[in-house]
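Single-structure report; data block below.
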Amino acid sequence: MSAANRDLIGRIFRDTALFGAMTEAQLVRVQRTMRQIHLEENEHLFGAQEVADRFFILLKGRVKLFHLSMNGQEKVLRIMGPGDPIALAVMFMEQQCYPVFAAALTSCDVLAFDNKTFLNILRESPETCFRIMAEMSKRLHGQLAEIRNLSMQSAPVRLARYLLANKSTGLGAGVNLVRLDASKRVIASRLSIQPETFSRILGRLVGLNLIEVKGRAIHILDSDALQQFIDEEQ
């Protein structure tokens, strides 16, 4: 394991709320089950209906969670970034199988942890259990709000909100720059927008002089005007 990865792993255990709820002794038990997995782009971490005996923390790269329809069409549910837990809630389900597919969008390093050890720790410590339940509840509320927004907002509003939420801030040439962490097709699926509609909306925003597009880099020319566009579209 490289020194850089050791530093990243140390940061995961120090800063992730999931592990912050644990005692030192509990962390040692969890770390003993840890193994590191490397994935190349498009390689699967797990498939739908596979037995779920581990949960994961993404160390580096991007992973997409997705469903496949009966005709094989992919629906991206979530794009995970460094520090995000993957399949944590599955260990609490009656049928412990992964309900979705997970695949690397980029070259990735993932930490895998044993579900059984984690569950034993929770059974032994109600305090730790309640702290972790609080963290999971917070994440669930955020996801429900996201689902509500996706179902109630028009496609142009969803895309414009996504751009404002993901723009860089601060000083310098990179301010108001959105670097797409996946292909436009994947981002479109994530926002429940057809790829051709996604492209049309981008073209419309370019025509209104609200954004400039260069590959996966989108420069927001006027954040206030883009927000006004959202207000008028709602």
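Ordered as shown in the structure tokens, chains take letters A, B, and onward, while each chain numbers its residues from 1 and ligands are numbered from 1 in the order shown.
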**OP:** Any chance you could list, as a ChimeraX atom specification, the residues in segment 42-166 of chain A that come up helix (DSSP H, G or I) when DSSP is run on the backbone?
**Re:** /A:89-92,115-124,126-152,155-165
Export of the given selection (C-alpha atoms) as a PDB file, in the first residue's frame:
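And here's out37.pdb as it stands now:
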ATOM      1  CA  ALA A  89     -27.744   0.098   4.549  1.00  0.00           C
ATOM      2  CA  VAL A  90     -27.913  -3.283   2.795  1.00  0.00           C
ATOM      3  CA  MET A  91     -26.590  -5.091   5.880  1.00  0.00           C
ATOM      4  CA  PHE A  92     -29.787  -4.113   7.735  1.00  0.00           C
ATOM      5  CA  ASN A 115     -20.738  -6.837   7.452  1.00  0.00           C
ATOM      6  CA  LYS A 116     -20.843  -9.528  10.135  1.00  0.00           C
ATOM      7  CA  THR A 117     -18.129  -7.891  12.245  1.00  0.00           C
ATOM      8  CA  PHE A 118     -19.806  -4.506  11.929  1.00  0.00           C
ATOM      9  CA  LEU A 119     -23.202  -5.885  12.953  1.00  0.00           C
ATOM     10  CA  ASN A 120     -21.695  -7.658  15.971  1.00  0.00           C
ATOM     11  CA  ILE A 121     -20.238  -4.353  17.162  1.00  0.00           C
ATOM     12  CA  LEU A 122     -23.649  -2.691  16.877  1.00  0.00           C
ATOM     13  CA  ARG A 123     -25.350  -5.514  18.806  1.00  0.00           C
ATOM     14  CA  GLU A 124     -22.818  -5.161  21.609  1.00  0.00           C
ATOM     15  CA  PRO A 126     -26.490   0.343  21.699  1.00  0.00           C
ATOM     16  CA  GLU A 127     -24.769   3.747  22.014  1.00  0.00           C
ATOM     17  CA  THR A 128     -22.702   3.157  18.876  1.00  0.00           C
ATOM     18  CA  CYS A 129     -25.772   1.748  17.136  1.00  0.00           C
ATOM     19  CA  PHE A 130     -27.834   4.875  17.829  1.00  0.00           C
ATOM     20  CA  ARG A 131     -25.035   7.193  16.698  1.00  0.00           C
ATOM     21  CA  ILE A 132     -24.726   5.352  13.406  1.00  0.00           C
ATOM     22  CA  MET A 133     -28.514   5.260  12.973  1.00  0.00           C
ATOM     23  CA  ALA A 134     -28.540   9.049  13.368  1.00  0.00           C
ATOM     24  CA  GLU A 135     -25.925   9.382  10.631  1.00  0.00           C
ATOM     25  CA  MET A 136     -27.855   7.065   8.310  1.00  0.00           C
ATOM     26  CA  SER A 137     -31.075   8.957   9.009  1.00  0.00           C
ATOM     27  CA  LYS A 138     -29.389  12.212   7.999  1.00  0.00           C
ATOM     28  CA  ARG A 139     -28.230  10.652   4.722  1.00  0.00           C
ATOM     29  CA  LEU A 140     -31.732   9.243   4.083  1.00  0.00           C
ATOM     30  CA  HIS A 141     -33.358  12.657   4.545  1.00  0.00           C
ATOM     31  CA  GLY A 142     -30.916  14.124   2.038  1.00  0.00           C
ATOM     32  CA  GLN A 143     -31.699  11.408  -0.497  1.00  0.00           C
ATOM     33  CA  LEU A 144     -35.465  11.835  -0.036  1.00  0.00           C
ATOM     34  CA  ALA A 145     -35.114  15.568  -0.657  1.00  0.00           C
ATOM     35  CA  GLU A 146     -33.138  14.794  -3.806  1.00  0.00           C
ATOM     36  CA  ILE A 147     -35.809  12.364  -5.046  1.00  0.00           C
ATOM     37  CA  ARG A 148     -38.514  14.940  -4.349  1.00  0.00           C
ATOM     38  CA  ASN A 149     -36.629  17.558  -6.360  1.00  0.00           C
ATOM     39  CA  LEU A 150     -36.100  15.170  -9.273  1.00  0.00           C
ATOM     40  CA  SER A 151     -39.789  14.301  -9.409  1.00  0.00           C
ATOM     41  CA  MET A 152     -41.171  17.832  -9.048  1.00  0.00           C
ATOM     42  CA  ALA A 155     -35.535  18.995 -16.727  1.00  0.00           C
ATOM     43  CA  PRO A 156     -34.066  22.498 -17.359  1.00  0.00           C
ATOM     44  CA  VAL A 157     -34.439  23.357 -13.658  1.00  0.00           C
ATOM     45  CA  ARG A 158     -32.825  20.077 -12.577  1.00  0.00           C
ATOM     46  CA  LEU A 159     -29.813  20.652 -14.820  1.00  0.00           C
ATOM     47  CA  ALA A 160     -29.438  24.324 -13.904  1.00  0.00           C
ATOM     48  CA  ARG A 161     -29.642  23.489 -10.187  1.00  0.00           C
ATOM     49  CA  TYR A 162     -27.048  20.755 -10.671  1.00  0.00           C
ATOM     50  CA  LEU A 163     -24.664  23.240 -12.272  1.00  0.00           C
ATOM     51  CA  LEU A 164     -25.074  25.792  -9.481  1.00  0.00           C
ATOM     52  CA  ALA A 165     -24.689  23.128  -6.792  1.00  0.00           C
TER      53      ALA A 165
END
**OP:** Name the residues in contact with segment 172-186 of chain A at a cut-off of 10 Å, using only C-alpha atoms, excluding same-chain residues fewer than 4 positions from it; report them as a VMD selection string.
**Re:** chain A and resid 61 to 64 66 74 to 81 105 to 106 162 to 168 190 to 196 198 to 199 211 to 223
**OP:** Name the residues in contact with Leu39 of chain A at a cut-off of 8 Å, using only C-alpha atoms, excluding same-chain residues fewer than 2 positions from it; report them as a list in words.
**Re:**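 Once the adjacent positions are removed, what remains is Ile37, Glu41, Glu43, His44, Leu45, Ala104, Ser107, Cys108, Asp109 and Val110 of chain A.
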Could you write those residues out with C-alpha atoms, as an mmCIF file, in the first residue's frame?
data_model
loop_
_atom_site.group_PDB
_atom_site.id
_atom_site.type_symbol
_atom_site.label_atom_id
_atom_site.label_comp_id
_atom_site.auth_asym_id
_atom_site.auth_seq_id
_atom_site.Cartn_x
_atom_site.Cartn_y
_atom_site.Cartn_z
ATOM 1 C CA ILE A 37 -9.917 -3.244 -3.958
ATOM 2 C CA GLU A 41 -12.946 2.195 -15.423
ATOM 3 C CA GLU A 43 -15.222 -2.600 -13.818
ATOM 4 C CA HIS A 44 -18.032 -3.778 -11.510
ATOM 5 C CA LEU A 45 -17.720 -3.610 -7.732
ATOM 6 C CA ALA A 104 -16.288 2.351 -11.587
ATOM 7 C CA SER A 107 -9.937 4.162 -11.950
ATOM 8 C CA CYS A 108 -10.885 3.590 -8.290
ATOM 9 C CA ASP A 109 -9.581 2.377 -4.956
ATOM 10 C CA VAL A 110 -12.262 1.044 -2.607
#
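Going from atom CA of Phe55 of chain A over to atom CA of Phe101 of chain A, you cover 13.4 Å.
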Original post:
as a PyMOL selection string, which residues of segment 6-223 of chain A does DSSP assign to strand (DSSP E or B)?
Top reply: chain A and resi 35-39+44-46+51+54-60+63-68+74-80+85-86+97+101-104+108-114+177-179+211-214+217-220
Could you write those residues out with C-alpha atoms, as a PDB file, in the first residue's frame?
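For reference, result-v9.pdb as written:
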ATOM      1  CA  ARG A  35      -9.238  -4.995   2.393  1.00  0.00           C
ATOM      2  CA  GLN A  36      -8.463  -2.664  -0.483  1.00  0.00           C
ATOM      3  CA  ILE A  37      -9.917  -3.244  -3.958  1.00  0.00           C
ATOM      4  CA  HIS A  38      -8.702  -1.574  -7.138  1.00  0.00           C
ATOM      5  CA  LEU A  39     -11.130  -1.113 -10.023  1.00  0.00           C
ATOM      6  CA  HIS A  44     -18.032  -3.778 -11.510  1.00  0.00           C
ATOM      7  CA  LEU A  45     -17.720  -3.610  -7.732  1.00  0.00           C
ATOM      8  CA  PHE A  46     -20.840  -5.764  -7.339  1.00  0.00           C
ATOM      9  CA  VAL A  51     -24.888 -11.770  -1.802  1.00  0.00           C
ATOM     10  CA  ARG A  54     -19.444  -6.421   2.706  1.00  0.00           C
ATOM     11  CA  PHE A  55     -19.961  -2.678   2.649  1.00  0.00           C
ATOM     12  CA  PHE A  56     -17.525  -0.241   1.100  1.00  0.00           C
ATOM     13  CA  ILE A  57     -15.946   3.185   1.469  1.00  0.00           C
ATOM     14  CA  LEU A  58     -14.734   4.836  -1.719  1.00  0.00           C
ATOM     15  CA  LEU A  59     -11.116   5.898  -1.293  1.00  0.00           C
ATOM     16  CA  LYS A  60     -10.337   7.390  -4.707  1.00  0.00           C
ATOM     17  CA  VAL A  63     -18.455   4.895  -8.676  1.00  0.00           C
ATOM     18  CA  LYS A  64     -21.956   4.855 -10.143  1.00  0.00           C
ATOM     19  CA  LEU A  65     -24.893   2.978  -8.622  1.00  0.00           C
ATOM     20  CA  PHE A  66     -27.423   1.974 -11.257  1.00  0.00           C
ATOM     21  CA  HIS A  67     -30.376  -0.211 -12.246  1.00  0.00           C
ATOM     22  CA  LEU A  68     -30.831  -2.015 -15.542  1.00  0.00           C
ATOM     23  CA  GLU A  74     -29.125   1.893 -17.582  1.00  0.00           C
ATOM     24  CA  LYS A  75     -30.589   4.239 -14.972  1.00  0.00           C
ATOM     25  CA  VAL A  76     -27.937   5.919 -12.825  1.00  0.00           C
ATOM     26  CA  LEU A  77     -29.191   6.373  -9.276  1.00  0.00           C
ATOM     27  CA  ARG A  78     -26.186   7.946  -7.639  1.00  0.00           C
ATOM     28  CA  ILE A  79     -22.582   8.924  -8.292  1.00  0.00           C
ATOM     29  CA  MET A  80     -20.327   8.255  -5.312  1.00  0.00           C
ATOM     30  CA  PRO A  85     -20.068   4.709   2.006  1.00  0.00           C
ATOM     31  CA  ILE A  86     -21.492   2.204  -0.484  1.00  0.00           C
ATOM     32  CA  CYS A  97     -28.371  -8.927  -1.471  1.00  0.00           C
ATOM     33  CA  PHE A 101     -25.186  -2.547  -9.664  1.00  0.00           C
ATOM     34  CA  ALA A 102     -22.026  -0.624  -8.766  1.00  0.00           C
ATOM     35  CA  ALA A 103     -19.335   0.093 -11.347  1.00  0.00           C
ATOM     36  CA  ALA A 104     -16.288   2.351 -11.587  1.00  0.00           C
ATOM     37  CA  CYS A 108     -10.885   3.590  -8.290  1.00  0.00           C
ATOM     38  CA  ASP A 109      -9.581   2.377  -4.956  1.00  0.00           C
ATOM     39  CA  VAL A 110     -12.262   1.044  -2.607  1.00  0.00           C
ATOM     40  CA  LEU A 111     -12.091  -0.155   0.995  1.00  0.00           C
ATOM     41  CA  ALA A 112     -14.238  -3.223   1.782  1.00  0.00           C
ATOM     42  CA  PHE A 113     -15.404  -4.128   5.309  1.00  0.00           C
ATOM     43  CA  ASP A 114     -17.017  -7.266   6.704  1.00  0.00           C
ATOM     44  CA  LEU A 177     -16.435  26.227 -13.196  1.00  0.00           C
ATOM     45  CA  VAL A 178     -18.247  22.872 -13.155  1.00  0.00           C
ATOM     46  CA  ARG A 179     -16.078  19.861 -13.971  1.00  0.00           C
ATOM     47  CA  ILE A 211     -22.783  29.004 -19.703  1.00  0.00           C
ATOM     48  CA  GLU A 212     -19.864  27.954 -21.897  1.00  0.00           C
ATOM     49  CA  VAL A 213     -19.192  24.254 -22.537  1.00  0.00           C
ATOM     50  CA  LYS A 214     -15.780  22.764 -23.309  1.00  0.00           C
ATOM     51  CA  ALA A 217     -15.851  21.617 -18.264  1.00  0.00           C
ATOM     52  CA  ILE A 218     -18.822  23.988 -17.992  1.00  0.00           C
ATOM     53  CA  HIS A 219     -18.195  27.626 -17.117  1.00  0.00           C
ATOM     54  CA  ILE A 220     -21.134  29.471 -15.550  1.00  0.00           C
TER      55      ILE A 220
END
